[in-house]
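Here's run-v9.cif, which has mmCIF, C-alpha atoms and all ligand atoms:
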data_model
loop_
_atom_site.label_atom_id
_atom_site.label_comp_id
_atom_site.auth_asym_id
_atom_site.auth_seq_id
_atom_site.Cartn_x
_atom_site.Cartn_y
_atom_site.Cartn_z
CA MET B 234 0.00 0.00 0.00
CA LYS B 235 1.24 3.49 -0.84
CA ILE B 236 0.33 6.22 1.62
CA ALA B 237 0.67 9.95 0.99
CA THR B 238 1.13 12.01 4.15
CA ILE B 239 0.21 15.66 3.70
CA VAL B 240 1.55 18.23 6.17
CA GLY B 241 2.49 21.90 6.18
CA ALA B 242 2.41 23.49 9.63
CA ARG B 243 4.46 23.13 12.82
CA PRO B 244 2.10 20.94 14.90
CA GLN B 245 1.69 18.55 11.98
CA PHE B 246 5.38 17.79 11.83
CA ILE B 247 5.23 16.78 15.48
CA LYS B 248 2.08 14.69 14.98
CA MET B 249 3.38 12.88 11.91
CA ALA B 250 6.71 11.90 13.48
CA PRO B 251 5.52 8.88 15.53
CA VAL B 252 3.00 7.76 12.91
CA SER B 253 5.50 7.93 10.08
CA ARG B 254 8.05 5.92 12.07
CA GLU B 255 5.47 3.18 12.52
CA LEU B 256 4.03 3.40 8.98
CA ARG B 257 7.37 2.89 7.31
CA LYS B 258 7.78 -0.51 8.93
CA TYR B 259 4.99 -1.85 6.73
CA PHE B 260 4.08 0.54 3.93
CA GLU B 261 5.51 2.89 1.36
CA GLU B 262 5.05 6.51 2.48
CA ILE B 263 5.48 9.66 0.44
CA VAL B 264 5.48 13.00 2.26
CA ILE B 265 3.91 16.05 0.65
CA HIS B 266 4.79 19.34 2.39
CA THR B 267 2.57 22.23 1.34
CA GLY B 268 5.06 24.88 2.49
CA GLN B 269 2.51 26.56 4.77
CA HIS B 270 5.25 26.99 7.39
CA TYR B 271 8.67 27.68 5.94
CA ASP B 272 10.92 29.58 8.41
CA TYR B 273 13.71 27.35 9.71
CA GLU B 274 12.40 27.44 13.29
CA MET B 275 8.79 26.73 12.20
CA ASN B 276 9.73 23.93 9.85
CA LYS B 277 13.14 22.37 9.21
CA ILE B 278 14.17 22.23 12.86
CA PHE B 279 11.37 19.70 13.50
CA PHE B 280 12.43 17.46 10.62
CA GLU B 281 15.96 17.49 12.00
CA GLN B 282 15.14 16.95 15.67
CA LEU B 283 12.41 14.36 15.18
CA ASN B 284 14.13 12.45 12.39
CA ILE B 285 11.18 12.95 10.08
CA PRO B 286 11.83 11.75 6.54
CA GLU B 287 12.55 14.57 4.07
CA PRO B 288 9.42 15.53 2.11
CA ASN B 289 9.26 13.95 -1.35
CA TYR B 290 7.37 17.01 -2.56
CA TYR B 291 7.74 20.54 -1.23
CA LEU B 292 4.96 22.64 -2.74
CA SER B 293 6.18 26.11 -1.63
CA VAL B 294 2.69 27.56 -1.17
CA GLY B 295 3.76 29.87 1.69
CA SER B 296 1.51 32.47 3.30
CA GLY B 297 -1.62 34.22 2.04
CA THR B 298 -5.33 34.66 2.59
CA HIS B 299 -7.34 31.54 3.38
CA GLY B 300 -8.75 31.28 -0.15
CA TYR B 301 -5.41 31.86 -1.83
CA GLN B 302 -3.49 29.52 0.44
CA THR B 303 -6.03 26.69 0.44
CA GLY B 304 -6.67 27.05 -3.31
CA GLU B 305 -3.00 26.92 -4.23
CA MET B 306 -2.52 23.91 -2.01
CA LEU B 307 -5.49 22.14 -3.55
CA LYS B 308 -4.14 22.71 -7.07
CA ARG B 309 -0.60 21.62 -6.29
CA ILE B 310 -1.54 18.63 -4.14
CA GLU B 311 -3.89 17.38 -6.85
CA GLU B 312 -1.05 17.34 -9.38
CA VAL B 313 1.09 15.22 -7.08
CA LEU B 314 -1.72 12.83 -6.20
CA MET B 315 -2.54 12.33 -9.87
CA GLU B 316 1.05 11.40 -10.52
CA GLU B 317 1.67 9.28 -7.43
CA LYS B 318 -1.74 7.58 -7.23
CA PRO B 319 -1.52 6.66 -3.52
CA ASP B 320 -4.00 4.23 -1.97
CA LEU B 321 -4.58 6.48 1.02
CA VAL B 322 -3.99 10.09 2.00
CA LEU B 323 -3.16 10.83 5.62
CA VAL B 324 -3.88 14.30 7.03
CA TYR B 325 -3.42 15.71 10.51
CA GLY B 326 -5.28 18.22 12.65
CA ASP B 327 -7.05 21.31 11.45
CA THR B 328 -4.92 23.59 9.30
CA ASN B 329 -5.49 24.78 5.76
CA SER B 330 -3.00 22.10 4.66
CA THR B 331 -5.29 19.47 6.24
CA LEU B 332 -8.40 20.66 4.42
CA ALA B 333 -6.63 21.07 1.07
CA GLY B 334 -5.11 17.59 1.34
CA ALA B 335 -8.42 15.96 2.22
CA LEU B 336 -10.35 17.75 -0.53
CA ALA B 337 -7.77 17.07 -3.22
CA ALA B 338 -7.82 13.37 -2.32
CA VAL B 339 -11.56 12.82 -2.00
CA LYS B 340 -12.21 14.43 -5.39
CA LEU B 341 -9.78 11.97 -6.94
CA HIS B 342 -11.56 9.11 -5.13
CA ILE B 343 -8.56 8.44 -2.95
CA LYS B 344 -9.34 7.35 0.59
CA VAL B 345 -8.69 9.89 3.32
CA ALA B 346 -7.53 9.17 6.87
CA HIS B 347 -7.81 12.02 9.38
CA VAL B 348 -5.64 11.90 12.47
CA GLU B 349 -7.13 14.02 15.24
CA ALA B 350 -10.67 13.63 13.94
CA GLY B 351 -13.75 14.77 15.86
CA LEU B 352 -12.34 17.75 17.70
CA ARG B 353 -14.76 20.64 18.02
CA SER B 354 -14.66 24.07 19.59
CA PHE B 355 -18.20 24.78 18.31
CA ASP B 356 -16.98 28.17 17.15
CA LYS B 357 -17.27 28.52 13.39
CA ARG B 358 -15.43 31.85 13.42
CA MET B 359 -12.26 29.84 13.92
CA PRO B 360 -10.71 28.80 10.61
CA GLU B 361 -9.61 25.59 12.30
CA GLU B 362 -13.20 24.62 13.12
CA ILE B 363 -14.21 24.87 9.45
CA ASN B 364 -11.16 22.83 8.46
CA ARG B 365 -11.94 20.12 11.01
CA VAL B 366 -15.62 19.78 10.24
CA LEU B 367 -15.10 19.62 6.48
CA THR B 368 -12.18 17.23 6.72
CA ASP B 369 -14.09 14.87 8.99
CA HIS B 370 -17.05 14.82 6.63
CA VAL B 371 -14.95 13.63 3.67
CA SER B 372 -12.75 11.18 5.60
CA ASP B 373 -12.95 7.39 5.38
CA TYR B 374 -10.88 6.76 8.49
CA LEU B 375 -11.44 9.03 11.45
CA PHE B 376 -8.80 8.53 14.11
CA ALA B 377 -10.23 10.16 17.22
CA PRO B 378 -7.87 11.01 20.08
CA THR B 379 -10.54 11.12 22.81
CA GLU B 380 -13.99 9.77 23.65
CA THR B 381 -15.30 13.31 23.39
CA ALA B 382 -14.14 13.38 19.77
CA VAL B 383 -15.95 10.10 19.03
CA LYS B 384 -19.10 11.53 20.57
CA ASN B 385 -18.84 14.74 18.53
CA LEU B 386 -18.63 12.72 15.32
CA TYR B 387 -21.54 10.53 16.35
CA GLU B 388 -23.68 13.61 16.93
CA GLU B 389 -22.88 14.84 13.42
CA GLY B 390 -23.96 11.50 11.99
CA ILE B 391 -20.47 10.18 11.37
CA ARG B 392 -20.59 6.68 12.77
CA GLU B 393 -18.58 4.56 10.37
CA GLY B 394 -14.82 4.49 10.07
CA VAL B 395 -14.42 6.10 13.51
CA TYR B 396 -11.66 4.67 15.71
CA LEU B 397 -10.71 5.75 19.21
CA THR B 398 -6.92 5.57 19.10
CA GLY B 399 -5.61 8.02 21.69
CA ASP B 400 -3.54 11.06 20.87
CA VAL B 401 -0.42 10.92 18.69
CA MET B 402 0.92 14.04 20.43
CA TYR B 403 1.07 11.99 23.62
CA ASP B 404 3.10 9.35 21.73
CA ALA B 405 5.43 12.10 20.49
CA LEU B 406 5.89 13.54 23.96
CA LEU B 407 6.61 10.18 25.61
CA TYR B 408 9.17 9.34 22.93
CA ASN B 409 10.94 12.69 23.10
CA ILE B 410 10.80 13.89 26.68
CA LYS B 411 13.81 11.89 27.87
CA ILE B 412 15.79 12.92 24.81
CA ALA B 413 14.79 16.54 25.49
CA ARG B 414 15.88 16.40 29.14
CA LYS B 415 19.26 15.10 28.04
CA LYS B 416 19.88 17.27 25.01
CA SER B 417 18.22 20.63 25.61
CA LYS B 418 20.35 23.40 27.05
CA ILE B 419 17.59 26.00 26.94
CA LEU B 420 17.28 26.53 30.71
CA ARG B 421 21.00 27.23 31.00
CA GLU B 422 21.04 29.38 27.87
CA LEU B 423 18.24 31.57 29.19
CA GLY B 424 19.44 31.46 32.81
CA LEU B 425 16.20 29.89 34.04
CA LYS B 426 15.52 27.96 37.23
CA PRO B 427 12.84 25.23 37.25
CA LYS B 428 9.41 26.49 38.34
CA LYS B 429 10.63 30.10 38.61
CA TYR B 430 9.11 31.32 35.35
CA LEU B 431 5.94 31.17 33.27
CA LEU B 432 5.90 30.12 29.62
CA ALA B 433 3.64 31.88 27.09
CA THR B 434 2.66 31.36 23.46
CA VAL B 435 0.07 33.25 21.41
CA HIS B 436 -0.78 32.76 17.75
CA ARG B 437 -4.50 32.11 17.37
CA ALA B 438 -6.14 34.42 14.82
CA GLU B 439 -8.82 35.57 17.30
CA ASN B 440 -6.04 36.97 19.49
CA THR B 441 -3.49 38.18 16.95
CA ASP B 442 -5.87 39.72 14.43
CA ASN B 443 -7.71 41.71 17.08
CA ARG B 444 -5.62 44.60 18.42
CA GLU B 445 -7.65 44.88 21.61
CA ASN B 446 -7.24 41.20 22.47
CA LEU B 447 -3.52 41.19 21.80
CA LYS B 448 -3.08 44.39 23.78
CA ASN B 449 -4.99 42.96 26.77
CA ILE B 450 -2.90 39.81 26.72
CA ILE B 451 0.46 41.54 26.60
CA GLU B 452 -0.60 44.11 29.20
CA ALA B 453 -1.53 41.24 31.50
CA PHE B 454 1.89 39.66 30.90
CA ILE B 455 3.65 42.91 31.72
CA GLU B 456 1.48 43.84 34.71
CA SER B 457 1.84 40.39 36.28
CA SER B 458 5.51 41.21 37.00
CA GLU B 459 6.21 37.48 36.72
CA LEU B 460 9.15 36.31 34.62
CA ILE B 461 7.49 35.20 31.37
CA ILE B 462 9.33 33.39 28.58
CA PHE B 463 7.53 34.12 25.32
CA PRO B 464 8.61 32.31 22.12
CA VAL B 465 6.93 34.48 19.51
CA HIS B 466 5.14 32.91 16.52
CA PRO B 467 5.87 34.83 13.28
CA ARG B 468 2.20 35.75 12.89
CA THR B 469 2.20 37.31 16.35
CA LYS B 470 5.47 39.14 15.74
CA LYS B 471 3.98 40.67 12.62
CA CYS B 472 0.82 41.79 14.44
CA LEU B 473 2.69 43.12 17.51
CA THR B 474 4.84 45.20 15.17
CA GLU B 475 1.87 46.39 13.12
CA TYR B 476 -0.07 47.46 16.23
CA GLY B 477 2.97 49.24 17.68
CA LEU B 478 2.94 46.91 20.71
CA ILE B 479 6.30 45.21 20.29
CA LYS B 480 8.31 48.07 21.86
CA LYS B 481 6.17 47.96 24.97
CA LEU B 482 6.99 44.27 25.35
CA GLU B 483 10.65 44.70 24.58
CA LYS B 484 10.89 47.37 27.27
CA ALA B 485 9.24 45.21 29.92
CA ASP B 486 11.85 43.71 32.27
CA ASN B 487 9.77 40.66 33.11
CA VAL B 488 8.92 39.42 29.60
CA LEU B 489 11.60 37.67 27.59
CA LEU B 490 10.77 37.53 23.88
CA ILE B 491 12.54 34.74 22.02
CA PRO B 492 12.14 33.27 18.53
CA PRO B 493 10.08 30.06 18.25
CA VAL B 494 12.06 27.16 19.68
CA GLY B 495 12.52 23.55 18.54
CA TYR B 496 10.39 20.76 20.00
CA LEU B 497 13.03 19.50 22.44
CA ASP B 498 13.61 22.95 23.94
CA MET B 499 9.86 23.50 24.04
CA LEU B 500 9.24 20.31 26.03
CA VAL B 501 11.89 21.33 28.56
CA LEU B 502 10.50 24.87 28.81
CA GLU B 503 7.01 23.45 29.34
CA GLU B 504 7.99 20.86 31.92
CA ASN B 505 9.89 23.37 34.03
CA ALA B 506 7.39 26.23 33.81
CA ARG B 507 5.40 27.09 36.91
CA LYS B 508 2.41 27.78 34.70
CA ILE B 509 1.78 27.96 30.97
CA LEU B 510 -0.21 30.70 29.23
CA THR B 511 -1.27 29.75 25.72
CA ASP B 512 -3.89 29.75 23.00
CA SER B 513 -2.28 26.74 21.28
CA GLY B 514 -4.20 23.49 21.03
CA GLY B 515 -1.12 21.30 21.26
CA ILE B 516 0.41 23.15 24.17
CA GLN B 517 -2.76 22.84 26.29
CA LYS B 518 -2.42 19.08 25.96
CA GLU B 519 1.30 19.02 26.60
CA ALA B 520 0.75 21.06 29.77
CA TYR B 521 -1.73 18.39 30.88
CA PHE B 522 0.59 15.50 29.96
CA LEU B 523 3.36 17.18 31.99
CA LYS B 524 1.02 18.20 34.83
CA VAL B 525 1.75 21.90 34.49
CA PRO B 526 -1.16 24.29 35.19
CA CYS B 527 -2.39 25.82 31.95
CA ILE B 528 -4.08 29.19 31.52
CA THR B 529 -5.76 29.18 28.12
CA LEU B 530 -6.12 32.52 26.35
CA ARG B 531 -9.34 31.47 24.62
CA GLU B 532 -13.05 31.38 25.41
CA ARG B 533 -13.43 27.73 24.35
CA THR B 534 -11.29 24.68 23.88
CA GLU B 535 -11.52 21.43 21.97
CA TRP B 536 -9.53 19.77 24.73
CA VAL B 537 -12.31 19.86 27.32
CA GLU B 538 -10.81 16.97 29.30
CA THR B 539 -7.95 19.19 30.45
CA VAL B 540 -10.46 21.67 31.87
CA GLU B 541 -12.72 18.99 33.37
CA ASP B 542 -9.75 17.53 35.21
CA GLY B 543 -8.95 20.95 36.63
CA TRP B 544 -5.53 21.43 34.98
CA ASN B 545 -6.63 24.07 32.49
CA VAL B 546 -8.63 27.29 32.89
CA LEU B 547 -10.17 29.33 30.06
CA VAL B 548 -9.66 33.07 30.45
CA GLY B 549 -10.00 34.42 26.90
CA ALA B 550 -8.24 37.71 26.28
CA ASP B 551 -9.60 39.26 29.45
CA LYS B 552 -6.80 41.11 31.22
CA LEU B 553 -8.21 40.79 34.73
CA LYS B 554 -8.99 37.09 34.32
CA ILE B 555 -5.47 36.46 33.01
CA LEU B 556 -3.92 38.33 35.93
CA ASP B 557 -6.14 36.52 38.39
CA ALA B 558 -5.24 33.11 36.93
CA ILE B 559 -1.53 33.92 36.97
CA GLN B 560 -1.83 34.70 40.69
CA ASN B 561 -4.42 32.23 41.85
CA PHE B 562 -5.05 29.31 39.49
CA GLU B 563 -3.82 26.16 41.23
CA PRO B 564 -5.10 22.76 40.08
CA SER B 565 -5.84 20.48 43.01
CA GLY B 566 -3.74 17.89 41.23
CA GLU B 567 -6.03 15.11 42.40
CA THR B 568 -7.86 14.38 39.16
CA TYR B 569 -5.97 12.93 36.26
CA THR B 570 -8.04 10.67 34.09
CA TYR B 571 -5.58 9.99 31.26
CA LYS B 572 -8.08 10.52 28.51
CA PHE B 573 -5.47 10.76 25.77
CA GLY B 574 -4.63 7.09 25.31
CA ASP B 575 -1.66 5.00 26.33
CA GLY B 576 1.09 6.42 24.14
CA LYS B 577 0.46 3.82 21.44
CA ALA B 578 -1.96 5.76 19.25
CA SER B 579 0.40 5.68 16.26
CA LYS B 580 0.72 1.92 16.44
CA LYS B 581 -3.06 1.53 16.59
CA ILE B 582 -3.54 3.84 13.61
CA VAL B 583 -1.10 1.87 11.50
CA GLU B 584 -2.66 -1.45 12.56
CA ILE B 585 -6.11 -0.23 11.54
CA ILE B 586 -4.81 1.00 8.18
CA GLY B 587 -3.15 -2.38 7.67
CA GLU B 588 -6.35 -4.34 8.41
CA GLN B 589 -8.26 -2.79 5.52
C1 LIG B 601 -1.55 27.87 11.25
C2 LIG B 601 -2.89 27.17 11.37
C3 LIG B 601 -3.25 27.05 12.84
C4 LIG B 601 -2.15 26.38 13.62
C5 LIG B 601 -0.84 27.11 13.40
C6 LIG B 601 0.27 26.37 14.07
C7 LIG B 601 -4.51 27.56 9.54
C8 LIG B 601 -5.71 28.30 9.14
N1 LIG B 601 -3.95 27.94 10.71
O1 LIG B 601 -1.71 29.20 11.75
O2 LIG B 601 -4.43 26.25 12.96
O3 LIG B 601 -2.47 26.42 14.99
O4 LIG B 601 -0.57 27.17 11.99
O5 LIG B 601 1.38 27.18 14.32
O6 LIG B 601 -4.06 26.67 8.85
N2 LIG B 601 4.61 33.10 8.88
C9 LIG B 601 5.96 33.30 8.77
N3 LIG B 601 6.77 32.21 8.62
C10 LIG B 601 6.30 30.95 8.59
C11 LIG B 601 4.92 30.75 8.70
C12 LIG B 601 4.09 31.84 8.86
O7 LIG B 601 6.44 34.44 8.78
O8 LIG B 601 7.10 30.01 8.46
C13 LIG B 601 3.73 34.28 9.10
C14 LIG B 601 3.20 34.88 7.80
O9 LIG B 601 3.16 36.26 7.97
C15 LIG B 601 1.80 34.32 7.73
C16 LIG B 601 1.40 34.22 9.19
O10 LIG B 601 2.60 33.88 9.87
O11 LIG B 601 0.92 35.15 7.02
C17 LIG B 601 0.34 33.17 9.45
O12 LIG B 601 0.72 31.90 8.94
P1 LIG B 601 -0.40 30.81 8.52
O13 LIG B 601 0.27 29.56 8.14
O14 LIG B 601 -1.35 31.41 7.56
O15 LIG B 601 -1.21 30.61 9.84
P2 LIG B 601 -0.74 30.35 11.33
O16 LIG B 601 -1.12 31.53 12.15
O17 LIG B 601 0.67 29.92 11.35
N1 LIG B 602 6.07 24.27 19.74
C1 LIG B 602 7.44 24.28 19.58
N2 LIG B 602 8.09 25.50 19.67
C2 LIG B 602 7.44 26.67 19.90
C3 LIG B 602 6.04 26.63 20.07
C4 LIG B 602 5.38 25.42 19.97
O1 LIG B 602 8.06 23.24 19.39
O2 LIG B 602 8.10 27.71 19.95
C5 LIG B 602 5.36 22.98 19.65
C6 LIG B 602 4.55 22.62 20.88
O3 LIG B 602 5.35 21.98 21.84
C7 LIG B 602 3.47 21.73 20.31
C8 LIG B 602 3.23 22.30 18.94
O4 LIG B 602 4.40 23.06 18.62
O5 LIG B 602 3.95 20.40 20.16
C9 LIG B 602 2.03 23.19 18.95
O6 LIG B 602 1.96 23.92 17.78
P1 LIG B 602 1.25 25.32 17.66
O7 LIG B 602 1.09 25.93 18.99
O8 LIG B 602 1.99 26.08 16.63
O9 LIG B 602 -0.16 24.94 16.99
P2 LIG B 602 -1.53 24.36 17.53
O10 LIG B 602 -1.26 23.16 18.36
O11 LIG B 602 -2.24 25.44 18.26
O12 LIG B 602 -2.26 24.04 16.27
#
Any chance you could put this one into structure tokens?
Amino acid sequence: MKIATIVGARPQFIKMAPVSRELRKYFEEIVIHTGQHYDYEMNKIFFEQLNIPEPNYYLSVGSGTHGYQTGEMLKRIEEVLMEEKPDLVLVYGDTNSTLAGALAAVKLHIKVAHVEAGLRSFDKRMPEEINRVLTDHVSDYLFAPTETAVKNLYEEGIREGVYLTGDVMYDALLYNIKIARKKSKILRELGLKPKKYLLATVHRAENTDNRENLKNIIEAFIESSELIIFPVHPRTKKCLTEYGLIKKLEKADNVLLIPPVGYLDMLVLEENARKILTDSGGIQKEAYFLKVPCITLRERTEWVETVEDGWNVLVGADKLKILDAIQNFEPSGETYTYKFGDGKASKKIVEIIGEQ
């Protein structure tokens, strides 16, 4: 069987790493990289650190509006699929690369497998929600990371081809955390002591594309007076500069702006943070896996289990709520229901693909 894996953005490189390692034991895999993320620290560093096979096709789509980006991807992916004629297309998560890959495949009558199927924020203003819903509705295999995801699909009438596998990001973390602890020098490089700093990331469109939201978030960071390590996503850097907010942050003694870091450094920064502030989907989960309190800079989350278990609190872009959570949010630490599988999601996914 020939499988085409389609990826393009940072979290997808991390998600594909454990699955690809397993897939290649049994099947032929070709990797199609849309080029959605292209900076070294958003892209190549992950291929290097996680030993991901070099893409067979790099489509160089780059940045643009949703229509432009998704349309260009669709066109270019279709060309490759017509030439390669894979038996199955594998897509991950909820980015424009995911939707373009799924659409290109289904229109060519190629089977689609969606890893991280069934996630919902129930907020259609999020581009990711549109991408998830549409991808799920054209997929043949829906690999759901959680029971909540299976239930969401069931309620939308998707009842066939749904498999509860656990979360491949948990597999990736378990595989890499020991390597990260050994190899990463980030704490020393930044002069950080374990549990004496907070870690922050922001990149979600609802925060970056809204000046007021971004301003509230960075004001909360500054006014907290806590040491905050902030690896800045390129989208956020662009918006902070555009809104004239970057200088304010650069001047603040307590906020350390750094470029995006590789996965190994990120795991170490997460594990040693006293708390994490983020609007990232993946980082909310990693905080939970590592039992670090997470303050989520969103109104809703797809990863409801992390909130139900008391490890994650949703504060949106509300300055006072963010400040309050920085000061006072302390999970009891008693509830931990391990709803993300057993670290063998990738193996299960490959077994299911092999059974067909
Ligand atoms: C995308 C995904 C989002 C995911 C995130 C992971 C969509 C709609 N969004 O958001 O779901 O959480 O990736 O990080 O697919 N840029 C660079 N260099 C890069 C990449 C981006 O400078 O290597 C800048 C460009 O100015 C670009 C902007 O970041 O316009 C946004 O990039 P884009 O890929 O459109 O969306 P993300 O915000 O990265
Ligand atoms: N990540 C990283 N370096 C960073 C920021 C994030 O390695 O500077 C990793 C993080 O550990 C997680 C993934 O990228 O595994 C999350 O990706 P991101 O936040 O970009 O997207 P989302 O998960 O929100 O789609």
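With atom O5 of ligand LIG 601 (chain B) on one side and CA of Thr529 (chain B) on the other, the separation reads 15.7 Å.
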Quiz item: Any idea what's packed within 7 Å of region 541-547 of chain B, counting all atoms listed in the file, ignoring anything in its chain fewer than 5 positions away? Could you give it as a list in words?
Solution: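 Result of the neighbour search: Tyr521, Pro526, Cys527, Ile528, Thr529, Leu530, Arg531, Glu532, Arg533, Pro564, Thr568 and Tyr569 of chain B.
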Quiz item: Do you know which residues are within 7 Å of ligand LIG 601 (chain B) using all atoms listed in the file? Can you write them as a PyMOL selection string?
Solution: chain B and resi 242-244+269-272+275-276+296-297+299+327-330+360-361+436-438+467-468+471+513-514
Practice problem: Write out as a VMD selection string the residues lying within 9 Å of region 401-412 of chain B, counting all atoms listed in the file and excluding same-chain residues fewer than 2 positions away. | Solution: chain B and resid 244 247 to 252 283 348 to 349 378 398 to 399 414 to 417 496 to 497 500 to 501 515 518 to 519 522 573 to 579
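Near (-0.9, 18.8, 1.8), the residues that fall inside 7 Å on the basis of all atoms listed in the file are Ile239, Val240, Gly241, Ile265, His266, Thr267, Met306, Ile310, Ser330, Thr331, Ala333 and Gly334 of chain B.
Counting from CA of Leu423 (chain B), the distance to CA of Tyr476 (chain B) is 27.5 Å.
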Practice problem: Counting all atoms listed in the file, figure out which residue out of B:Lys235, B:Lys448, B:Lys277, B:Arg309 gets nearest to ligand LIG 602 (chain B). | Solution: B:Lys277
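Candidate residues B:Ser457, B:Tyr273, B:Phe376, B:Glu261 were compared for distance to Asn561 (chain B), and the nearest is B:Ser457, using only C-alpha atoms.
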Quiz prompt | Nearest-residue call for Leu490 (chain B), choices B:Leu336, B:Gly477, B:Lys470, B:His370, using only C-alpha atoms | solution =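 For Leu490 (chain B), the nearest of the candidates is B:Lys470.
If you measure from each of B:Ile559, B:Leu425, B:Ile586, B:Ala413 to ligand LIG 602 (chain B) using only C-alpha atoms and all ligand atoms, the closest one turns out to be B:Ala413.
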Quiz item: Quick one, how far is atom O1 of ligand LIG 602 (chain B) from CA of Val465 (chain B)?
Solution: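 Going from atom O1 of ligand LIG 602 (chain B) over to CA of Val465 (chain B) covers 11.3 Å.
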Let me know the centre plus edge lengths, in Å and rounded to one decimal, of a box with edges along x, y and z that contains all listed atoms of ligand LIG 602 (chain B) and is padded by 6 Å on every side, as JSON.
{"center_x": 2.9, "center_y": 24.1, "center_z": 19.1, "size_x": 22.4, "size_y": 19.3, "size_z": 17.6}
Quiz prompt | Among the residues B:Lys552, B:Lys484, B:Lys258, B:Arg507, the one that comes closest to Tyr430 (chain B) [using all atoms listed in the file] | solution = B:Arg507
Self-check item: Selected residue, from B:Tyr396, B:Phe246, B:Phe562, B:Phe355, that lies nearest to ligand LIG 602 (chain B) when counting only C-alpha atoms and all ligand atoms
Solution: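 Of B:Tyr396, B:Phe246, B:Phe562, B:Phe355, the one nearest ligand LIG 602 (chain B), counting only C-alpha atoms and all ligand atoms, is B:Phe246.
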Exercise. Excluding Val583 (chain B) and residues on its chain fewer than 6 positions from it, collect all residues at most 9 Å away from it, counting only C-alpha atoms, and give them as a ChimeraX atom specification.
Key: /B:252,255-256,259
Quiz prompt | 8 Å contact set for Ala433 (chain B), all atoms listed in the file, chain neighbours under 3 positions out, as a list in words | solution = Ile461, Ile462, Phe463, Pro464, Ile509, Leu510 and Thr511 of chain B
